[in-house]
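Only one structure is covered here, and it is reproduced in the block below.
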Amino acid sequence: MITVHRLPEDAFTALANGEGDPVVVRHLREAQHSKHLMLLHAVAETVDSTDLASLEVAAFWAGYRLLARIQAFSPGAAAWLLGLPHFGSWAHDCLIRLDRGLPPDFGYLACAAAAAAVRRGVRFELDAPVRDGGVMLPGLGFLRVTGQDAWVRLRSDGERLAVGEHIDVPCTALVPDEGSGGPVPQWRGTPLVRAVADGHTWVVLLETADRHLDRYALPMLAAMTADEVASWRHRIQSAWQVLVRHHGWAAGPLADGVCVIVPLTSRSGLDSATSPAAFGAIATSWPPSPVILAETLVHEFQHLKLCCLTDMLPLIELCDEKTYAPWREDPRPAGGLLQGVYAHLGIARFWDAQRHAETRPDGILRAQVMYERWRATIEMAASALLRTGSLTPAGVRFVTMLRQYGQRLGSESVPAAARQIVREAALDHWLTWQFRHTALDAAGVAGLVDAYQRGASPGDRTLLETWIEADTRTINSTARSRLLNMRYLEPQRHRHLCAEGMPGLSKADSLLVSGKREHGGAGIPRRNHRLRAAA
């Protein structure tokens with residue numbers, strides 16, 4: 001049933017502080033449940049006006065009727081299906097394709113309803129589409145089907161499922177694959193991870209088969225070998241131990257709110273993402289360590305919480321202005337800046353705790369710098385958001401609380417060496433960004449050049465008109481920038497490059513990156529004294 005959701009004030013405050021206990025997460029899940037129902041009804045209204053003779057449409061209505069019957073018979077089974085990120089992604093995709101004049105995947109609803117019926121033991125009979133050589137049962141797995149037919153009849157008496165004329169399996173066998181059960185003919189259960197640490201359990205699916213969750217900038221892995229699944233299980237288990245033992249504030253809410261991980265194809269570096277269409281799913285490429293995966297989960301869950309909150313309560317009004325974000329190379333609109341600062345509030349809290357959990361010197365340095373780097377950005381980004389004038393009244397309250405929480409995070413316990421690394425890396429990022437994106441009034445620049453060449457004082461012409469553009473000057477990430485960050489992200493490799501004399505760097509940059517800042521002037525040409533005085 002669709003209901004009106006009003007977020008209690010204490011839940012709003014908890015979310016603004018980057019928190020969210022199981023009660024708060026339940027509010028978010030229930031809101032998404034209603035949202036998915038609304039999307040389903042919106043799709044159904046569109047289907048009413050389409051070709052009723054279509055097999056896709058017939059499958060949609062068969063799935064719709066079965067889901068209505070399941071909801072009446074077993075509300076919990078219907079809630080399980082409606083809460084899956086698979087379902088939300090499918091409903092979003094249907095409406096987007098309808099808006100673009102493209103054929104939606106109406107038949108998916110038959111598969112989704114069949115999954116809920118199989119899981120709960122409900123009788124049914126319907127036709128389902130065959131895609132990629134089988135039938136998807138979202139949240140459970142994939143049934144391989146022989147033959148070339150595009151549709152197959154599914155029949156269940158509540159105990160067994162018949163697929164066409166050749167497959168008959170017990171419904172109780174059609175479950176996600178925990179890695180402990182024997183093979184079921186024609187069935188490939190979605191890999192399931194049951195991570196346990198100190199009595200706390202997180203159950204999460206590894207989804208690589210459902211096309212509606214293949215919605216991120218990088219494609220999801222098409223399939224995983226048994227060894228790859230085992231590696232992911234081990235890495236998730238290890239990351240869960242990090243969260244439970246050192247980040248209890250994040251572990252419980254994450255386990256309540258995230259039920260799917262979408263492994264992505266890898267490229268250089270770690271890539272992770274979430275989508276407002278898929279609450280409950282986090283996509284990530286292979287993480288280099290359990291600690292980094294734990295941080296990634298905290299980071300991306302922040303995005304999911306904020307997406308759900310903005311579904312319930314608008315925080316941003318339309319605004320064309322774009323501004324600087326300390327974690328991006330491109331100018332960001334207000335909505336992107338809000339998402340970023342909220343994610344980095346979670347990241348700062350993560351490294352605040354992690355810097356006390358690390359034991360090796362390199363790990364301690366990384367945690368100290370990561371904490372101080374992202375703690376310091378909260379004030380900057382929150383202040384920029386408040387200046388844009390693009391926040392709703394609720395948005396102003398939310399960002400003000402977020403900013404106040406950031407101000408309570410102190411830097412006094414971070415050693416001076418770590419703070420110095422932060423200052424240099426942050427300044428390098430800001431200057432590089434300014435060089436890329438700050439456009440200057442060409443006539444004003446010409447006037448300053450003319451004044452300089454004549455030896456005249458520039459007067460008030462130093463205040464040039466500036467504005468932000470996407471690509472004022474195209475430059476690649478510099479070797480200096482990479483090495484400045486390598487000092488804390490990869491300290492051992494940085495030490496090795498220092499020993500080799502920093503190949504590829506200018507003398508001044510080598511002195512800066514190696515920490516010999518006091519000698520940096522030796523490699524920088526002296527400016528004309530008249531120009532320095534005029535500036």
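The way I read the labels, and the way they are meant: chains A, B, ... in the order of the structure tokens, residue 1 as the first residue of every chain, and ligand 1 as the first ligand shown, with later ones counted on from there.
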
Return as a PDB file with C-alpha atoms, in the first residue's frame the full set of residues in stretch 189-423 of chain A whose backbone-based DSSP assignment is helix (DSSP H, G or I).
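Listing of states.pdb after writing:
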```pdb
ATOM      1  CA  ARG A 211      20.563  -6.204 -16.950  1.00  0.00           C
ATOM      2  CA  HIS A 212      18.564  -3.570 -15.033  1.00  0.00           C
ATOM      3  CA  LEU A 213      21.400  -3.238 -12.511  1.00  0.00           C
ATOM      4  CA  ALA A 226      34.073 -19.688  -8.844  1.00  0.00           C
ATOM      5  CA  ASP A 227      37.488 -18.327  -7.847  1.00  0.00           C
ATOM      6  CA  GLU A 228      36.375 -14.734  -8.452  1.00  0.00           C
ATOM      7  CA  VAL A 229      33.225 -15.256  -6.363  1.00  0.00           C
ATOM      8  CA  ALA A 230      35.363 -16.730  -3.584  1.00  0.00           C
ATOM      9  CA  SER A 231      37.697 -13.717  -3.731  1.00  0.00           C
ATOM     10  CA  TRP A 232      34.775 -11.296  -3.481  1.00  0.00           C
ATOM     11  CA  ARG A 233      33.311 -13.242  -0.557  1.00  0.00           C
ATOM     12  CA  HIS A 234      36.620 -13.095   1.290  1.00  0.00           C
ATOM     13  CA  ARG A 235      37.116  -9.386   0.617  1.00  0.00           C
ATOM     14  CA  ILE A 236      33.564  -8.521   1.725  1.00  0.00           C
ATOM     15  CA  GLN A 237      33.964 -10.635   4.871  1.00  0.00           C
ATOM     16  CA  SER A 238      37.214  -8.842   5.697  1.00  0.00           C
ATOM     17  CA  ALA A 239      35.694  -5.404   5.046  1.00  0.00           C
ATOM     18  CA  TRP A 240      32.720  -6.307   7.241  1.00  0.00           C
ATOM     19  CA  GLN A 241      35.117  -7.139  10.073  1.00  0.00           C
ATOM     20  CA  VAL A 242      36.733  -3.701   9.680  1.00  0.00           C
ATOM     21  CA  LEU A 243      33.326  -2.018   9.856  1.00  0.00           C
ATOM     22  CA  VAL A 244      32.000  -4.000  12.808  1.00  0.00           C
ATOM     23  CA  ARG A 245      35.160  -3.682  14.911  1.00  0.00           C
ATOM     24  CA  HIS A 246      36.025  -0.049  14.234  1.00  0.00           C
ATOM     25  CA  GLY A 248      29.922   0.385  14.476  1.00  0.00           C
ATOM     26  CA  TRP A 249      28.085   3.637  13.706  1.00  0.00           C
ATOM     27  CA  ALA A 250      28.162   2.625  10.012  1.00  0.00           C
ATOM     28  CA  ALA A 251      28.023  -1.189  10.111  1.00  0.00           C
ATOM     29  CA  GLY A 252      24.478  -1.697  11.423  1.00  0.00           C
ATOM     30  CA  PRO A 253      22.758   0.826   9.136  1.00  0.00           C
ATOM     31  CA  LEU A 254      24.700  -0.482   6.132  1.00  0.00           C
ATOM     32  CA  ALA A 255      23.582  -4.056   6.779  1.00  0.00           C
ATOM     33  CA  ASP A 256      19.975  -2.858   7.046  1.00  0.00           C
ATOM     34  CA  GLY A 257      20.108  -0.736   3.898  1.00  0.00           C
ATOM     35  CA  PRO A 290      39.467  -4.621   2.996  1.00  0.00           C
ATOM     36  CA  VAL A 291      39.953  -1.148   4.510  1.00  0.00           C
ATOM     37  CA  ILE A 292      39.395   0.557   1.154  1.00  0.00           C
ATOM     38  CA  LEU A 293      36.296  -1.569   0.513  1.00  0.00           C
ATOM     39  CA  ALA A 294      34.984  -0.635   3.978  1.00  0.00           C
ATOM     40  CA  GLU A 295      35.532   3.060   3.201  1.00  0.00           C
ATOM     41  CA  THR A 296      33.873   2.626  -0.220  1.00  0.00           C
ATOM     42  CA  LEU A 297      30.801   1.064   1.386  1.00  0.00           C
ATOM     43  CA  VAL A 298      30.506   3.941   3.877  1.00  0.00           C
ATOM     44  CA  HIS A 299      31.010   6.493   1.079  1.00  0.00           C
ATOM     45  CA  GLU A 300      28.410   4.989  -1.268  1.00  0.00           C
ATOM     46  CA  PHE A 301      25.860   4.333   1.472  1.00  0.00           C
ATOM     47  CA  GLN A 302      25.980   8.045   2.220  1.00  0.00           C
ATOM     48  CA  HIS A 303      24.880   8.655  -1.384  1.00  0.00           C
ATOM     49  CA  LEU A 304      22.042   6.134  -1.071  1.00  0.00           C
ATOM     50  CA  LYS A 305      20.744   7.712   2.139  1.00  0.00           C
ATOM     51  CA  LEU A 306      20.816  11.196   0.644  1.00  0.00           C
ATOM     52  CA  CYS A 307      19.083  10.055  -2.557  1.00  0.00           C
ATOM     53  CA  CYS A 308      16.306   8.527  -0.493  1.00  0.00           C
ATOM     54  CA  LEU A 309      16.032  11.634   1.707  1.00  0.00           C
ATOM     55  CA  THR A 310      15.697  13.895  -1.348  1.00  0.00           C
ATOM     56  CA  ASP A 311      12.940  11.611  -2.684  1.00  0.00           C
ATOM     57  CA  MET A 312      11.031  12.394   0.511  1.00  0.00           C
ATOM     58  CA  ALA A 334      24.617  22.421  -6.267  1.00  0.00           C
ATOM     59  CA  GLY A 335      23.084  18.937  -6.279  1.00  0.00           C
ATOM     60  CA  GLY A 336      26.423  17.318  -7.057  1.00  0.00           C
ATOM     61  CA  LEU A 337      28.183  19.419  -4.428  1.00  0.00           C
ATOM     62  CA  LEU A 338      25.617  18.369  -1.807  1.00  0.00           C
ATOM     63  CA  GLN A 339      26.043  14.694  -2.693  1.00  0.00           C
ATOM     64  CA  GLY A 340      29.823  15.094  -2.532  1.00  0.00           C
ATOM     65  CA  VAL A 341      30.030  16.874   0.794  1.00  0.00           C
ATOM     66  CA  TYR A 342      27.589  14.403   2.364  1.00  0.00           C
ATOM     67  CA  ALA A 343      29.653  11.468   1.115  1.00  0.00           C
ATOM     68  CA  HIS A 344      32.836  13.080   2.427  1.00  0.00           C
ATOM     69  CA  LEU A 345      31.269  13.626   5.831  1.00  0.00           C
ATOM     70  CA  GLY A 346      31.019   9.832   6.025  1.00  0.00           C
ATOM     71  CA  ILE A 347      34.553   9.429   4.671  1.00  0.00           C
ATOM     72  CA  ALA A 348      35.959  11.847   7.282  1.00  0.00           C
ATOM     73  CA  ARG A 349      34.173   9.970  10.059  1.00  0.00           C
ATOM     74  CA  PHE A 350      35.526   6.679   8.700  1.00  0.00           C
ATOM     75  CA  TRP A 351      39.148   7.835   8.708  1.00  0.00           C
ATOM     76  CA  ASP A 352      38.706   9.555  12.076  1.00  0.00           C
ATOM     77  CA  ALA A 353      38.148   6.116  13.599  1.00  0.00           C
ATOM     78  CA  GLN A 354      40.505   4.258  11.264  1.00  0.00           C
ATOM     79  CA  ARG A 355      43.531   6.397  12.185  1.00  0.00           C
ATOM     80  CA  HIS A 356      43.278   4.940  15.706  1.00  0.00           C
ATOM     81  CA  ALA A 357      42.854   1.384  14.382  1.00  0.00           C
ATOM     82  CA  PRO A 361      53.350   3.583  10.084  1.00  0.00           C
ATOM     83  CA  ASP A 362      52.283   3.850   6.431  1.00  0.00           C
ATOM     84  CA  GLY A 363      48.699   2.941   7.309  1.00  0.00           C
ATOM     85  CA  ILE A 364      48.635   5.468  10.148  1.00  0.00           C
ATOM     86  CA  LEU A 365      49.941   8.229   7.866  1.00  0.00           C
ATOM     87  CA  ARG A 366      47.360   7.449   5.184  1.00  0.00           C
ATOM     88  CA  ALA A 367      44.521   7.475   7.711  1.00  0.00           C
ATOM     89  CA  GLN A 368      45.690  10.730   9.301  1.00  0.00           C
ATOM     90  CA  VAL A 369      45.975  12.506   5.941  1.00  0.00           C
ATOM     91  CA  MET A 370      42.684  11.123   4.615  1.00  0.00           C
ATOM     92  CA  TYR A 371      40.892  12.255   7.771  1.00  0.00           C
ATOM     93  CA  GLU A 372      42.374  15.751   7.765  1.00  0.00           C
ATOM     94  CA  ARG A 373      42.004  16.190   3.996  1.00  0.00           C
ATOM     95  CA  TRP A 374      38.290  15.423   3.885  1.00  0.00           C
ATOM     96  CA  ARG A 375      37.444  16.920   7.295  1.00  0.00           C
ATOM     97  CA  ALA A 376      38.735  20.258   6.042  1.00  0.00           C
ATOM     98  CA  THR A 377      36.592  20.140   2.883  1.00  0.00           C
ATOM     99  CA  ILE A 378      33.288  19.933   4.767  1.00  0.00           C
ATOM    100  CA  GLU A 379      33.390  23.572   5.881  1.00  0.00           C
ATOM    101  CA  MET A 380      34.481  24.771   2.440  1.00  0.00           C
ATOM    102  CA  ALA A 381      31.831  22.858   0.483  1.00  0.00           C
ATOM    103  CA  ALA A 382      28.992  23.454   2.961  1.00  0.00           C
ATOM    104  CA  SER A 383      29.719  27.190   2.997  1.00  0.00           C
ATOM    105  CA  ALA A 384      29.737  27.249  -0.813  1.00  0.00           C
ATOM    106  CA  LEU A 385      26.368  25.486  -0.874  1.00  0.00           C
ATOM    107  CA  LEU A 386      24.840  27.967   1.553  1.00  0.00           C
ATOM    108  CA  ARG A 387      26.090  30.849  -0.630  1.00  0.00           C
ATOM    109  CA  THR A 388      24.509  29.497  -3.831  1.00  0.00           C
ATOM    110  CA  PRO A 393      14.490  25.786   3.602  1.00  0.00           C
ATOM    111  CA  ALA A 394      14.913  22.110   4.498  1.00  0.00           C
ATOM    112  CA  GLY A 395      18.162  22.074   2.534  1.00  0.00           C
ATOM    113  CA  VAL A 396      19.481  25.065   4.480  1.00  0.00           C
ATOM    114  CA  ARG A 397      18.713  23.285   7.755  1.00  0.00           C
ATOM    115  CA  PHE A 398      20.312  20.064   6.536  1.00  0.00           C
ATOM    116  CA  VAL A 399      23.526  21.691   5.270  1.00  0.00           C
ATOM    117  CA  THR A 400      23.781  23.903   8.358  1.00  0.00           C
ATOM    118  CA  MET A 401      23.614  20.833  10.627  1.00  0.00           C
ATOM    119  CA  LEU A 402      26.067  18.979   8.415  1.00  0.00           C
ATOM    120  CA  ARG A 403      28.451  21.935   8.560  1.00  0.00           C
ATOM    121  CA  GLN A 404      28.170  22.161  12.349  1.00  0.00           C
ATOM    122  CA  TYR A 405      28.991  18.469  12.676  1.00  0.00           C
ATOM    123  CA  GLY A 406      32.053  18.995  10.457  1.00  0.00           C
ATOM    124  CA  GLN A 407      33.172  21.865  12.694  1.00  0.00           C
ATOM    125  CA  ARG A 408      33.106  19.519  15.691  1.00  0.00           C
ATOM    126  CA  ALA A 416      52.075  18.557  11.737  1.00  0.00           C
ATOM    127  CA  ALA A 417      53.685  16.429   8.996  1.00  0.00           C
ATOM    128  CA  ALA A 418      50.277  15.029   7.989  1.00  0.00           C
ATOM    129  CA  ARG A 419      48.708  18.504   8.030  1.00  0.00           C
ATOM    130  CA  GLN A 420      51.496  19.774   5.774  1.00  0.00           C
ATOM    131  CA  ILE A 421      50.835  17.004   3.242  1.00  0.00           C
ATOM    132  CA  VAL A 422      47.149  17.922   3.303  1.00  0.00           C
ATOM    133  CA  ARG A 423      47.845  21.612   2.724  1.00  0.00           C
TER     134      ARG A 423
END
```

I need the residue nearest A:Ala273 from this list: A:Ala16, A:Ala114, A:Met220, A:Leu67. Use only C-alpha atoms for the distance.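 For A:Ala273, the nearest of the given residues is A:Met220.
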
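Take atom CA of A:Asp330 and atom CA of A:Ser275: the distance between them is 19.7 Å.
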
Near A:Asp48, within 10 Å and counting only C-alpha atoms, which residues show up once chain neighbours fewer than 4 positions away are dropped, as an MDAnalysis selection string? chainID A and resid 43:44 52 57 61

Give me the residues within 10 Å of A:Ala209 as a PyMOL selection string, counting only C-alpha atoms and dropping any in the same chain fewer than 6 places off. chain A and resi 132+136+138+141-142+188+190+220-224+262

Those selected residues, please, written with N, CA and C atoms and delivered as a short mmCIF file (atom, residue, chain, number, x, y, z; two decimals), in the first residue's frame.
```cif
data_model
loop_
_atom_site.label_atom_id
_atom_site.label_comp_id
_atom_site.auth_asym_id
_atom_site.auth_seq_id
_atom_site.Cartn_x
_atom_site.Cartn_y
_atom_site.Cartn_z
N ASP A 132 18.99 -14.01 -22.88
CA ASP A 132 20.36 -14.51 -22.67
C ASP A 132 20.37 -15.99 -22.34
N MET A 136 15.30 -14.96 -15.88
CA MET A 136 15.79 -14.32 -14.66
C MET A 136 14.71 -14.34 -13.59
N PRO A 138 14.54 -12.36 -10.40
CA PRO A 138 15.28 -11.31 -9.68
C PRO A 138 15.38 -11.59 -8.19
N GLY A 141 18.07 -15.83 -8.83
CA GLY A 141 19.05 -16.39 -9.74
C GLY A 141 18.52 -16.49 -11.15
N PHE A 142 19.07 -17.46 -11.91
CA PHE A 142 18.85 -17.54 -13.35
C PHE A 142 18.63 -19.00 -13.73
N ARG A 188 21.33 -21.34 -11.79
CA ARG A 188 22.50 -20.61 -11.33
C ARG A 188 22.05 -19.56 -10.32
N THR A 190 22.07 -16.57 -7.73
CA THR A 190 22.86 -15.36 -7.57
C THR A 190 23.81 -15.54 -6.39
N MET A 220 28.94 -3.76 -15.52
CA MET A 220 29.12 -4.76 -14.48
C MET A 220 29.76 -6.00 -15.10
N LEU A 221 30.40 -6.80 -14.26
CA LEU A 221 31.00 -8.04 -14.74
C LEU A 221 29.91 -8.93 -15.32
N ALA A 222 30.16 -9.45 -16.50
CA ALA A 222 29.14 -10.28 -17.16
C ALA A 222 28.94 -11.60 -16.42
N ALA A 223 29.99 -12.11 -15.86
CA ALA A 223 29.92 -13.36 -15.10
C ALA A 223 31.18 -13.46 -14.26
N MET A 224 31.13 -14.29 -13.24
CA MET A 224 32.31 -14.48 -12.40
C MET A 224 32.61 -15.98 -12.28
N VAL A 262 27.15 -4.77 -6.84
CA VAL A 262 27.30 -5.00 -8.27
C VAL A 262 28.79 -4.89 -8.60
#
```

Check stretch 70-199 of chain A with DSSP on the backbone and list each residue it calls strand (DSSP E), as a PyMOL selection string. chain A and resi 124-129+134-137+141-144+151-156+160-163+167-170+187-189+192-197

What separation in Å, quoted to one decimal, exists between atom CA of A:Asp198 and atom CA of A:Glu178?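 Going from atom CA of A:Asp198 over to atom CA of A:Glu178 covers 20.0 Å.
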
Neighbour list for A:Trp90 as a list of chain:residue names, cut-off 8 Å, only C-alpha atoms, skip fewer than 4 positions in-chain: A:His86, A:Cys94, A:Asp105, A:Tyr108, A:His212

What's the 10 Å shell around A:Cys111, counting only C-alpha atoms, without same-chain residues fewer than 6 positions away, as a ChimeraX atom specification? /A:59-60,62-63,117,126-130,135-138,154

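Minimum distance to A:Gly444 across A:Thr466, A:Ala77, A:Ala456, A:Leu318 (counting only C-alpha atoms) occurs at A:Thr466.
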
What lies within 12 Å of A:Leu7 using only C-alpha atoms, ignoring chain neighbours under 5 positions off, as a ChimeraX atom specification? /A:12-15,23-31,308-313,394

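With distances restricted to only C-alpha atoms, A:Cys259 is the closest residue to A:Val193 from A:Leu174, A:Leu109, A:Cys259, A:Val152.
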
Provide the atom CA of A:Ala277 to atom CA of A:Gly18 distance in Å, to one decimal place.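 Those two atoms sit 21.1 Å apart.
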
Could you tell me which of A:Val414, A:Leu140, A:Ala278, A:Ala162 comes closest to A:His33 if we count only C-alpha atoms?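 Smallest separation from A:His33 among the options: A:Ala278.
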